[in-house]
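Here is the file protein.cif (mmCIF, C-alpha atoms).
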data_target
loop_
_atom_site.group_PDB
_atom_site.id
_atom_site.type_symbol
_atom_site.label_atom_id
_atom_site.label_comp_id
_atom_site.auth_asym_id
_atom_site.auth_seq_id
_atom_site.Cartn_x
_atom_site.Cartn_y
_atom_site.Cartn_z
ATOM 1 C CA MET H 1385 80.419 101.289 74.281
ATOM 2 C CA MET H 1386 83.795 102.194 75.808
ATOM 3 C CA ASN H 1387 86.673 99.714 75.565
ATOM 4 C CA SER H 1388 86.658 99.294 79.357
ATOM 5 C CA ALA H 1389 83.062 98.038 79.240
ATOM 6 C CA LYS H 1390 83.828 95.730 76.321
ATOM 7 C CA LEU H 1391 86.827 94.166 78.052
ATOM 8 C CA SER H 1392 84.914 93.787 81.322
ATOM 9 C CA GLU H 1393 82.487 91.484 79.489
ATOM 10 C CA LEU H 1394 85.211 88.886 78.933
ATOM 11 C CA THR H 1395 84.662 85.447 80.426
ATOM 12 C CA GLN H 1396 87.202 82.709 81.125
ATOM 13 C CA GLU H 1397 85.348 80.468 78.673
ATOM 14 C CA GLN H 1398 85.771 83.028 75.880
ATOM 15 C CA LEU H 1399 89.459 83.379 76.597
ATOM 16 C CA GLU H 1400 90.046 79.629 76.655
ATOM 17 C CA SER H 1401 88.169 79.100 73.393
ATOM 18 C CA LEU H 1402 90.156 81.763 71.513
ATOM 19 C CA ALA H 1403 93.472 80.784 73.127
ATOM 20 C CA THR H 1404 92.971 77.124 72.236
ATOM 21 C CA GLN H 1405 92.464 78.116 68.602
ATOM 22 C CA ALA H 1406 95.580 80.269 68.715
ATOM 23 C CA LYS H 1407 97.743 77.576 70.268
ATOM 24 C CA SER H 1408 97.402 75.485 67.114
ATOM 25 C CA TYR H 1409 99.213 78.305 65.294
ATOM 26 C CA THR H 1410 102.447 77.533 67.134
ATOM 27 C CA GLN H 1411 102.963 75.020 64.311
ATOM 28 C CA GLY H 1412 104.571 76.388 61.177
ATOM 29 C CA GLY H 1413 106.402 79.245 62.832
ATOM 30 C CA ARG H 1414 110.136 79.399 63.402
ATOM 31 C CA LEU H 1415 112.373 79.832 66.412
ATOM 32 C CA PRO H 1416 115.057 82.574 66.219
ATOM 33 C CA ASP H 1417 118.138 80.436 65.666
ATOM 34 C CA TYR H 1418 120.579 83.367 65.762
ATOM 35 C CA ILE H 1419 120.303 83.329 69.580
ATOM 36 C CA PRO H 1420 121.194 79.766 70.646
ATOM 37 C CA LEU H 1421 119.075 79.570 73.824
ATOM 38 C CA LEU H 1422 115.983 81.011 72.121
ATOM 39 C CA ALA H 1423 116.301 78.286 69.505
ATOM 40 C CA LYS H 1424 116.035 75.615 72.224
ATOM 41 C CA VAL H 1425 112.739 76.603 73.873
ATOM 42 C CA ASN H 1426 109.620 74.469 73.480
ATOM 43 C CA PRO H 1427 107.899 75.722 70.314
ATOM 44 C CA GLU H 1428 104.488 74.607 71.615
ATOM 45 C CA TRP H 1429 104.458 76.863 74.665
ATOM 46 C CA PHE H 1430 101.583 79.311 74.740
ATOM 47 C CA ALA H 1431 100.452 81.635 77.516
ATOM 48 C CA VAL H 1432 98.099 84.584 77.693
ATOM 49 C CA GLN H 1433 96.929 86.891 80.468
ATOM 50 C CA ILE H 1434 94.389 89.714 80.364
ATOM 51 C CA ASN H 1435 94.442 92.329 83.135
ATOM 52 C CA CYS H 1436 91.439 94.670 83.389
ATOM 53 C CA THR H 1437 91.146 98.016 85.137
ATOM 54 C CA ASN H 1438 88.168 96.700 87.108
ATOM 55 C CA GLY H 1439 90.542 94.288 88.863
ATOM 56 C CA ASN H 1440 89.619 91.172 86.896
ATOM 57 C CA SER H 1441 92.392 88.998 85.481
ATOM 58 C CA PHE H 1442 92.124 86.041 83.104
ATOM 59 C CA SER H 1443 94.889 83.645 82.068
ATOM 60 C CA PHE H 1444 95.468 80.475 80.066
ATOM 61 C CA GLY H 1445 98.335 78.156 79.198
ATOM 62 C CA GLU H 1446 101.882 77.857 80.510
ATOM 63 C CA THR H 1447 101.498 80.860 82.808
ATOM 64 C CA GLU H 1448 104.473 80.089 85.054
ATOM 65 C CA ILE H 1449 107.016 79.692 82.243
ATOM 66 C CA PRO H 1450 109.618 82.499 82.430
ATOM 67 C CA PHE H 1451 110.758 84.179 79.217
ATOM 68 C CA VAL H 1452 112.930 87.117 78.264
ATOM 69 C CA LEU H 1453 111.246 90.319 77.151
ATOM 70 C CA MET H 1454 113.627 91.098 74.281
ATOM 71 C CA SER H 1455 112.166 94.029 72.312
ATOM 72 C CA VAL H 1456 109.006 94.204 74.444
ATOM 73 C CA VAL H 1457 111.220 96.045 76.939
ATOM 74 C CA LYS H 1458 111.632 98.967 74.512
ATOM 75 C CA PRO H 1459 108.407 100.835 75.352
ATOM 76 C CA PHE H 1460 109.314 100.667 79.025
ATOM 77 C CA VAL H 1461 112.839 101.969 78.471
ATOM 78 C CA LEU H 1462 111.195 104.858 76.636
ATOM 79 C CA LEU H 1463 108.689 105.379 79.464
ATOM 80 C CA PHE H 1464 111.457 105.340 82.087
ATOM 81 C CA LEU H 1465 113.518 107.915 80.201
ATOM 82 C CA LEU H 1466 110.544 110.167 79.502
ATOM 83 C CA GLU H 1467 109.897 110.207 83.234
ATOM 84 C CA LYS H 1468 113.517 110.706 84.235
ATOM 85 C CA ILE H 1469 114.950 113.110 81.644
ATOM 86 C CA GLY H 1470 111.949 114.375 79.678
ATOM 87 C CA LYS H 1471 110.667 114.375 76.111
ATOM 88 C CA GLU H 1472 113.113 116.929 74.686
ATOM 89 C CA ALA H 1473 116.186 115.082 75.932
ATOM 90 C CA VAL H 1474 114.878 111.702 74.742
ATOM 91 C CA PHE H 1475 113.949 112.826 71.243
ATOM 92 C CA SER H 1476 116.941 115.063 70.608
ATOM 93 C CA ASN H 1477 118.706 112.098 68.960
ATOM 94 C CA ILE H 1478 115.824 109.700 68.222
ATOM 95 C CA GLY H 1479 112.954 110.114 65.764
ATOM 96 C CA MET H 1480 109.258 109.206 65.876
ATOM 97 C CA GLN H 1481 108.837 108.028 62.281
ATOM 98 C CA PRO H 1482 107.648 104.521 61.331
ATOM 99 C CA SER H 1483 109.920 102.318 59.247
ATOM 100 C CA ASP H 1484 108.973 100.015 56.407
ATOM 101 C CA LYS H 1485 112.195 98.045 56.885
ATOM 102 C CA PRO H 1486 113.003 95.231 59.364
ATOM 103 C CA PHE H 1487 113.870 96.205 62.944
ATOM 104 C CA TYR H 1488 117.563 95.470 62.360
ATOM 105 C CA SER H 1489 117.842 97.329 59.030
ATOM 106 C CA ILE H 1490 121.196 98.923 58.317
ATOM 107 C CA GLU H 1491 119.892 100.080 54.933
ATOM 108 C CA GLN H 1492 117.236 102.217 56.649
ATOM 109 C CA LEU H 1493 119.768 103.704 59.063
ATOM 110 C CA GLU H 1494 122.188 104.569 56.255
ATOM 111 C CA ALA H 1495 119.383 106.162 54.227
ATOM 112 C CA ASP H 1496 118.565 108.263 57.307
ATOM 113 C CA GLN H 1497 122.251 109.246 57.648
ATOM 114 C CA GLY H 1498 122.641 107.542 61.000
ATOM 115 C CA TRP H 1499 119.465 108.995 62.512
ATOM 116 C CA PRO H 1500 117.586 106.296 64.515
ATOM 117 C CA ARG H 1501 114.089 106.493 63.082
ATOM 118 C CA ASN H 1502 112.079 105.496 66.187
ATOM 119 C CA PRO H 1503 112.571 103.948 69.660
ATOM 120 C CA MET H 1504 110.989 100.610 68.754
ATOM 121 C CA ILE H 1505 113.599 99.439 66.231
ATOM 122 C CA ASN H 1506 117.101 98.366 67.254
ATOM 123 C CA SER H 1507 118.858 101.618 66.346
ATOM 124 C CA GLY H 1508 116.437 103.690 68.404
ATOM 125 C CA ALA H 1509 116.525 101.280 71.337
ATOM 126 C CA ILE H 1510 120.334 101.271 71.356
ATOM 127 C CA ALA H 1511 120.193 105.066 71.428
ATOM 128 C CA LEU H 1512 117.766 104.853 74.365
ATOM 129 C CA ALA H 1513 120.117 102.438 76.131
ATOM 130 C CA SER H 1514 122.880 105.039 75.892
ATOM 131 C CA LEU H 1515 120.715 107.457 77.903
ATOM 132 C CA LEU H 1516 120.028 105.171 80.855
ATOM 133 C CA PRO H 1517 121.726 106.155 84.128
ATOM 134 C CA GLY H 1518 124.694 104.075 85.253
ATOM 135 C CA ALA H 1519 128.346 103.459 84.478
ATOM 136 C CA ASP H 1520 127.902 100.139 82.661
ATOM 137 C CA GLY H 1521 125.305 97.846 81.141
ATOM 138 C CA LEU H 1522 124.622 95.865 84.308
ATOM 139 C CA THR H 1523 124.114 98.957 86.464
ATOM 140 C CA ARG H 1524 121.836 100.562 83.887
ATOM 141 C CA CYS H 1525 119.819 97.357 83.587
ATOM 142 C CA GLU H 1526 119.498 97.106 87.375
ATOM 143 C CA ASN H 1527 118.276 100.698 87.608
ATOM 144 C CA LEU H 1528 115.618 100.096 84.958
ATOM 145 C CA CYS H 1529 114.595 96.740 86.429
ATOM 146 C CA SER H 1530 114.245 98.169 89.930
ATOM 147 C CA TRP H 1531 112.034 101.017 88.691
ATOM 148 C CA LEU H 1532 109.790 98.687 86.672
ATOM 149 C CA ASN H 1533 109.399 96.220 89.536
ATOM 150 C CA GLN H 1534 108.534 99.033 91.916
ATOM 151 C CA CYS H 1535 106.053 100.763 89.603
ATOM 152 C CA ALA H 1536 104.390 97.699 88.091
ATOM 153 C CA GLY H 1537 104.624 95.202 90.963
ATOM 154 C CA THR H 1538 106.557 92.820 88.738
ATOM 155 C CA ASN H 1539 109.319 90.361 89.596
ATOM 156 C CA LEU H 1540 111.592 90.880 86.606
ATOM 157 C CA VAL H 1541 115.121 89.473 86.828
ATOM 158 C CA LEU H 1542 118.116 89.415 84.528
ATOM 159 C CA ASP H 1543 118.401 86.057 82.750
ATOM 160 C CA LYS H 1544 122.180 85.701 82.832
ATOM 161 C CA ALA H 1545 122.226 82.504 80.780
ATOM 162 C CA MET H 1546 120.280 84.214 78.001
ATOM 163 C CA LEU H 1547 122.584 87.224 78.200
ATOM 164 C CA ASP H 1548 125.578 84.922 77.740
ATOM 165 C CA SER H 1549 123.841 83.361 74.735
ATOM 166 C CA VAL H 1550 123.127 86.782 73.208
ATOM 167 C CA VAL H 1551 126.733 87.882 73.717
ATOM 168 C CA ALA H 1552 128.067 84.601 72.305
ATOM 169 C CA ALA H 1553 125.975 85.134 69.167
ATOM 170 C CA GLY H 1554 128.097 88.192 68.419
ATOM 171 C CA GLY H 1555 125.456 90.759 67.564
ATOM 172 C CA GLU H 1556 127.480 92.052 64.625
ATOM 173 C CA ARG H 1557 124.511 93.767 63.011
ATOM 174 C CA ASN H 1558 123.760 95.733 66.187
ATOM 175 C CA ARG H 1559 127.433 96.671 66.449
ATOM 176 C CA SER H 1560 127.304 97.956 62.878
ATOM 177 C CA ILE H 1561 124.188 99.946 63.732
ATOM 178 C CA ALA H 1562 125.909 101.469 66.776
ATOM 179 C CA LYS H 1563 129.005 102.289 64.719
ATOM 180 C CA ILE H 1564 126.962 104.149 62.099
ATOM 181 C CA MET H 1565 125.115 106.161 64.762
ATOM 182 C CA PHE H 1566 128.369 106.953 66.564
ATOM 183 C CA GLU H 1567 130.081 108.144 63.394
ATOM 184 C CA SER H 1568 127.010 110.250 62.556
ATOM 185 C CA GLY H 1569 127.035 111.914 65.976
ATOM 186 C CA PHE H 1570 123.831 110.334 67.292
ATOM 187 C CA LEU H 1571 125.388 107.966 69.855
ATOM 188 C CA ASN H 1572 128.018 108.216 72.575
ATOM 189 C CA GLU H 1573 130.033 105.292 73.982
ATOM 190 C CA PRO H 1574 128.714 102.641 71.572
ATOM 191 C CA GLU H 1575 130.219 99.679 73.446
ATOM 192 C CA ILE H 1576 128.428 100.614 76.674
ATOM 193 C CA ALA H 1577 125.229 101.236 74.706
ATOM 194 C CA ILE H 1578 125.400 97.770 73.126
ATOM 195 C CA ASP H 1579 126.190 96.149 76.485
ATOM 196 C CA THR H 1580 123.230 97.949 78.052
ATOM 197 C CA TYR H 1581 120.933 96.956 75.199
ATOM 198 C CA ASN H 1582 121.912 93.296 75.563
ATOM 199 C CA HIS H 1583 121.277 93.395 79.301
ATOM 200 C CA ILE H 1584 117.854 95.052 79.191
ATOM 201 C CA CYS H 1585 116.606 92.735 76.434
ATOM 202 C CA CYS H 1586 117.405 89.795 78.744
ATOM 203 C CA LEU H 1587 115.136 90.940 81.559
ATOM 204 C CA ALA H 1588 112.771 88.046 82.185
ATOM 205 C CA GLY H 1589 109.451 87.306 83.846
ATOM 206 C CA ASN H 1590 106.303 85.264 83.298
ATOM 207 C CA ILE H 1591 103.042 86.164 81.558
ATOM 208 C CA SER H 1592 101.696 87.836 84.699
ATOM 209 C CA ASP H 1593 104.725 90.111 84.828
ATOM 210 C CA LEU H 1594 104.198 91.088 81.187
ATOM 211 C CA ALA H 1595 100.523 91.884 81.767
ATOM 212 C CA ASN H 1596 101.403 93.922 84.862
ATOM 213 C CA LEU H 1597 103.963 95.871 82.854
ATOM 214 C CA GLY H 1598 101.272 96.619 80.324
ATOM 215 C CA MET H 1599 99.103 98.171 83.008
ATOM 216 C CA LEU H 1600 101.710 100.935 83.403
ATOM 217 C CA LEU H 1601 100.481 102.131 79.999
ATOM 218 C CA VAL H 1602 96.810 101.718 80.899
ATOM 219 C CA GLU H 1603 96.049 103.030 84.372
ATOM 220 C CA LYS H 1604 96.511 106.455 85.896
ATOM 221 C CA LYS H 1605 99.453 106.353 88.285
ATOM 222 C CA ALA H 1606 100.781 109.252 90.301
ATOM 223 C CA GLU H 1607 104.376 108.427 89.392
ATOM 224 C CA ILE H 1608 103.771 108.287 85.609
ATOM 225 C CA SER H 1609 102.677 111.232 83.481
ATOM 226 C CA HIS H 1610 99.600 110.815 81.296
ATOM 227 C CA LYS H 1611 101.443 112.614 78.501
ATOM 228 C CA ASN H 1612 104.304 110.118 78.664
ATOM 229 C CA ARG H 1613 101.941 107.136 78.570
ATOM 230 C CA ARG H 1614 100.283 108.662 75.535
ATOM 231 C CA ILE H 1615 103.626 109.082 73.733
ATOM 232 C CA VAL H 1616 104.597 105.466 74.370
ATOM 233 C CA ASN H 1617 101.212 104.105 73.299
ATOM 234 C CA ALA H 1618 101.268 106.176 70.107
ATOM 235 C CA LEU H 1619 104.701 104.901 69.143
ATOM 236 C CA MET H 1620 103.682 101.321 69.896
ATOM 237 C CA MET H 1621 100.734 101.770 67.544
ATOM 238 C CA THR H 1622 102.794 103.211 64.690
ATOM 239 C CA CYS H 1623 106.107 101.382 65.167
ATOM 240 C CA GLY H 1624 105.720 98.495 67.641
ATOM 241 C CA LEU H 1625 105.439 95.701 65.064
ATOM 242 C CA TYR H 1626 108.026 97.176 62.698
ATOM 243 C CA GLU H 1627 107.013 96.991 59.030
ATOM 244 C CA ALA H 1628 103.825 95.101 59.997
ATOM 245 C CA SER H 1629 102.596 97.971 62.212
ATOM 246 C CA ALA H 1630 100.276 99.658 59.708
ATOM 247 C CA ASN H 1631 98.599 96.415 58.656
ATOM 248 C CA PHE H 1632 98.167 95.405 62.291
ATOM 249 C CA ALA H 1633 96.646 98.790 63.168
ATOM 250 C CA VAL H 1634 93.981 98.207 60.514
ATOM 251 C CA LYS H 1635 93.262 94.629 61.628
ATOM 252 C CA VAL H 1636 93.512 95.077 65.405
ATOM 253 C CA GLY H 1637 93.742 98.782 66.222
ATOM 254 C CA LEU H 1638 95.625 98.602 69.538
ATOM 255 C CA PRO H 1639 99.101 99.777 70.613
ATOM 256 C CA THR H 1640 101.217 96.620 70.505
ATOM 257 C CA LYS H 1641 104.859 95.601 70.937
ATOM 258 C CA SER H 1642 106.541 92.337 70.039
ATOM 259 C CA GLY H 1643 109.828 90.658 70.890
ATOM 260 C CA VAL H 1644 111.775 87.847 69.201
ATOM 261 C CA SER H 1645 111.359 85.721 72.318
ATOM 262 C CA GLY H 1646 107.703 85.400 71.308
ATOM 263 C CA ALA H 1647 106.489 87.959 73.841
ATOM 264 C CA LEU H 1648 103.662 90.205 72.680
ATOM 265 C CA LEU H 1649 101.889 92.993 74.554
ATOM 266 C CA SER H 1650 98.830 95.037 73.592
ATOM 267 C CA VAL H 1651 97.354 97.983 75.461
ATOM 268 C CA VAL H 1652 93.626 98.717 75.580
ATOM 269 C CA PRO H 1653 93.751 102.320 76.844
ATOM 270 C CA SER H 1654 91.738 102.895 80.040
ATOM 271 C CA ALA H 1655 90.603 99.250 79.943
ATOM 272 C CA GLY H 1656 93.422 96.742 80.325
ATOM 273 C CA ALA H 1657 96.457 94.931 78.974
ATOM 274 C CA ILE H 1658 96.710 91.798 76.831
ATOM 275 C CA ALA H 1659 99.923 89.786 77.265
ATOM 276 C CA CYS H 1660 100.839 86.792 75.103
ATOM 277 C CA TYR H 1661 103.804 84.470 74.919
ATOM 278 C CA SER H 1662 104.370 81.957 72.134
ATOM 279 C CA PRO H 1663 107.954 81.534 70.912
ATOM 280 C CA THR H 1664 107.527 80.585 67.246
ATOM 281 C CA LEU H 1665 107.701 83.596 64.930
ATOM 282 C CA ASP H 1666 106.278 84.677 61.599
ATOM 283 C CA HIS H 1667 108.364 86.035 58.702
ATOM 284 C CA VAL H 1668 108.506 89.533 60.252
ATOM 285 C CA GLY H 1669 109.725 88.295 63.641
ATOM 286 C CA ASN H 1670 106.458 88.543 65.580
ATOM 287 C CA SER H 1671 104.846 85.714 67.542
ATOM 288 C CA LYS H 1672 102.800 83.697 65.051
ATOM 289 C CA ALA H 1673 100.215 82.373 67.508
ATOM 290 C CA GLY H 1674 100.253 85.609 69.490
ATOM 291 C CA ILE H 1675 99.360 87.733 66.466
ATOM 292 C CA PHE H 1676 96.574 85.310 65.550
ATOM 293 C CA PHE H 1677 95.198 85.425 69.096
ATOM 294 C CA LEU H 1678 95.279 89.215 69.314
ATOM 295 C CA GLU H 1679 93.438 89.607 66.027
ATOM 296 C CA LYS H 1680 90.725 87.108 66.979
ATOM 297 C CA PHE H 1681 90.428 88.383 70.551
ATOM 298 C CA THR H 1682 90.217 92.094 69.779
ATOM 299 C CA ASN H 1683 87.775 91.565 66.929
ATOM 300 C CA SER H 1684 85.622 89.277 69.060
ATOM 301 C CA LEU H 1685 85.282 91.961 71.740
ATOM 302 C CA ASN H 1686 85.410 94.871 69.267
ATOM 303 C CA LEU H 1687 88.322 96.485 71.124
ATOM 304 C CA SER H 1688 89.873 98.483 68.271
ATOM 305 C CA LEU H 1689 90.399 102.151 69.067
ATOM 306 C CA PHE H 1690 89.035 102.958 65.621
ATOM 307 C CA VAL H 1691 85.286 102.616 65.985
#
Entire entry expressed as structure tokens:
Amino acid sequence: MMNSAKLSELTQEQLESLATQAKSYTQGGRLPDYIPLLAKVNPEWFAVQINCTNGNSFSFGETEIPFVLMSVVKPFVLLFLLEKIGKEAVFSNIGMQPSDKPFYSIEQLEADQGWPRNPMINSGAIALASLLPGADGLTRCENLCSWLNQCAGTNLVLDKAMLDSVVAAGGERNRSIAKIMFESGFLNEPEIAIDTYNHICCLAGNISDLANLGMLLVEKKAEISHKNRRIVNALMMTCGLYEASANFAVKVGLPTKSGVSGALLSVVPSAGAIACYSPTLDHVGNSKAGIFFLEKFTNSLNLSLFV
């Protein structure tokens, strides 16, 4: 049975049963205290939305709560740039290799002699940010946001309070990452790149917006190349959950991207998108309840790409 048929069998009762189980996993996780505003959100929030290609949509929880995308924006920065400047230009200074180190690893970057290993970790995303059109971080963020809202029908906005909190936190590790890439010849204008990265990570929406974004990687759209969707999905599968990606591929088998805000997005190719939000994180930096939900949900409906 194709994944589209499997997902179309979902009922609201199934979703609510699995989501209720997952919500109990908000306990025991941690909030990311290195960004002050993220450390102040309600740790018990949980929201999920499933969008299907047949037009059905199912949701549960605090669906109206806005949250910042953080690293979940990375696949969509990659998609935007693949569409605007092409594969060769994007991957001239960014690799496609998975990493077994944390997303912020300086050790990995130094071992790779300043080469950003993939677009889903911070070094690669900062390199992507340097390629966005615009003179400064705000303009580049606005250009990306406008394109995403137009293509996906979302209502993303820049969360300026969260941006201020991110900037106030200093981001010294990301500055060190940018410095290494700059000195190795893989990054231009590091300050603008960091400013851009901070801005785009603070784009915010609700669970419906996240699910609608996911559909850009699911459905055929005239304005988005199938080849580019395939590249993004492949890199989400191999790199989207950092050093947990391989284990997650075995357990769940879907392209997935996480963010330290607790946002989590999975793509069921040709079938739909699964969006979760739960702010407490596991030891890797992925949503604790979100990961639990995705594993239970995909196994319940047998959605893994690896049949």
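Applied to the shown file, the PyMOL selection byres ((chain H and resi 1414) around 9) selects the residues Thr1410, Gln1411, Gly1412, Gly1413, Leu1415, Pro1416, Asp1417, Ala1423, Pro1427, Pro1663, Thr1664, Leu1665, Asp1666, His1667, Gly1669 and Lys1672 of chain H.
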Closest atom pairs, residues of range 1577-1602 of chain H within 12 Å of range 1621-1640 of chain H, all atoms listed in the file, as JSON lines:
{"residue": "H:Gly1598", "atom": "CA", "partner": "H:Thr1640", "partner_atom": "CA", "distance": 9.8}
{"residue": "H:Leu1601", "atom": "CA", "partner": "H:Pro1639", "partner_atom": "CA", "distance": 9.8}
{"residue": "H:Val1602", "atom": "CA", "partner": "H:Pro1639", "partner_atom": "CA", "distance": 10.7}
Worksheet item: Counting only C-alpha atoms, which of H:Ile1419, H:Leu1453, H:Ala1588, H:Ala1511 gets nearest to Val1541 in chain H?
Response: H:Ala1588
Discussion item. Using the chain letters and numbers from this file, what does the PyMOL selection byres ((chain H and resi 1525-1540) around 9) select? Give the answer as a PyMOL selection string.
Written reply: chain H and resi 1460-1461+1464+1516-1518+1520-1524+1541-1542+1580-1581+1583-1584+1587-1590+1592-1594+1596-1600+1605+1607-1608
Worksheet item: Looking at H:Ala1519, H:Leu1648, H:Leu1493, H:Leu1619, which one is nearest to Arg1557 in chain H, with distances taken over all atoms listed in the file?
Response: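 Residue with the minimum atom-to-atom distance to Arg1557 in chain H: H:Leu1493.
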Discussion item. Nearest residue to Val1651 in chain H out of H:Val1550, H:Cys1436, H:Val1474, H:Ile1675, using only C-alpha atoms?
Written reply: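 Smallest separation from Val1651 in chain H among the options: H:Cys1436.
Among H:Met1480, H:Leu1571, H:Val1551, H:Val1456, the residue with the shortest atom-to-atom distance to Leu1512 in chain H, counting all atoms listed in the file, is H:Leu1571.
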Fill in: Residue nearest Pro1653 in chain H among H:Asp1548, H:Glu1679, H:Glu1467, H:Glu1603 (counting only C-alpha atoms)
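Of all the options, H:Glu1603 lies closest to Pro1653 in chain H.
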Item to complete: List the residues matched by the PyMOL selection byres ((chain H and resi 1441) around 12) in the displayed structure as number ranges by chain, ordered by chain and then by residue number.
Response: H: 1391-1396, 1399, 1432-1440, 1442-1444, 1591-1592, 1595-1596, 1599, 1655-1659
Discussion item. List the spatial neighbours of range 1558-1564 of chain H as a ChimeraX atom specification - criterion: any atom at most 8 Å away, only C-alpha atoms, same-chain residues fewer than 6 positions off excluded.
Written reply: /H:1488,1490,1493-1494,1498,1506-1507,1510,1571,1574,1577-1578
Next, the residues of the selection above should be written as a short mmCIF file (atom, residue, chain, number, x, y, z; two decimals), in the frame of the given file with C-alpha atoms.
data_model
loop_
_atom_site.label_atom_id
_atom_site.label_comp_id
_atom_site.auth_asym_id
_atom_site.auth_seq_id
_atom_site.Cartn_x
_atom_site.Cartn_y
_atom_site.Cartn_z
CA TYR H 1488 117.56 95.47 62.36
CA ILE H 1490 121.20 98.92 58.32
CA LEU H 1493 119.77 103.70 59.06
CA GLU H 1494 122.19 104.57 56.26
CA GLY H 1498 122.64 107.54 61.00
CA ASN H 1506 117.10 98.37 67.25
CA SER H 1507 118.86 101.62 66.35
CA ILE H 1510 120.33 101.27 71.36
CA LEU H 1571 125.39 107.97 69.86
CA PRO H 1574 128.71 102.64 71.57
CA ALA H 1577 125.23 101.24 74.71
CA ILE H 1578 125.40 97.77 73.13
#
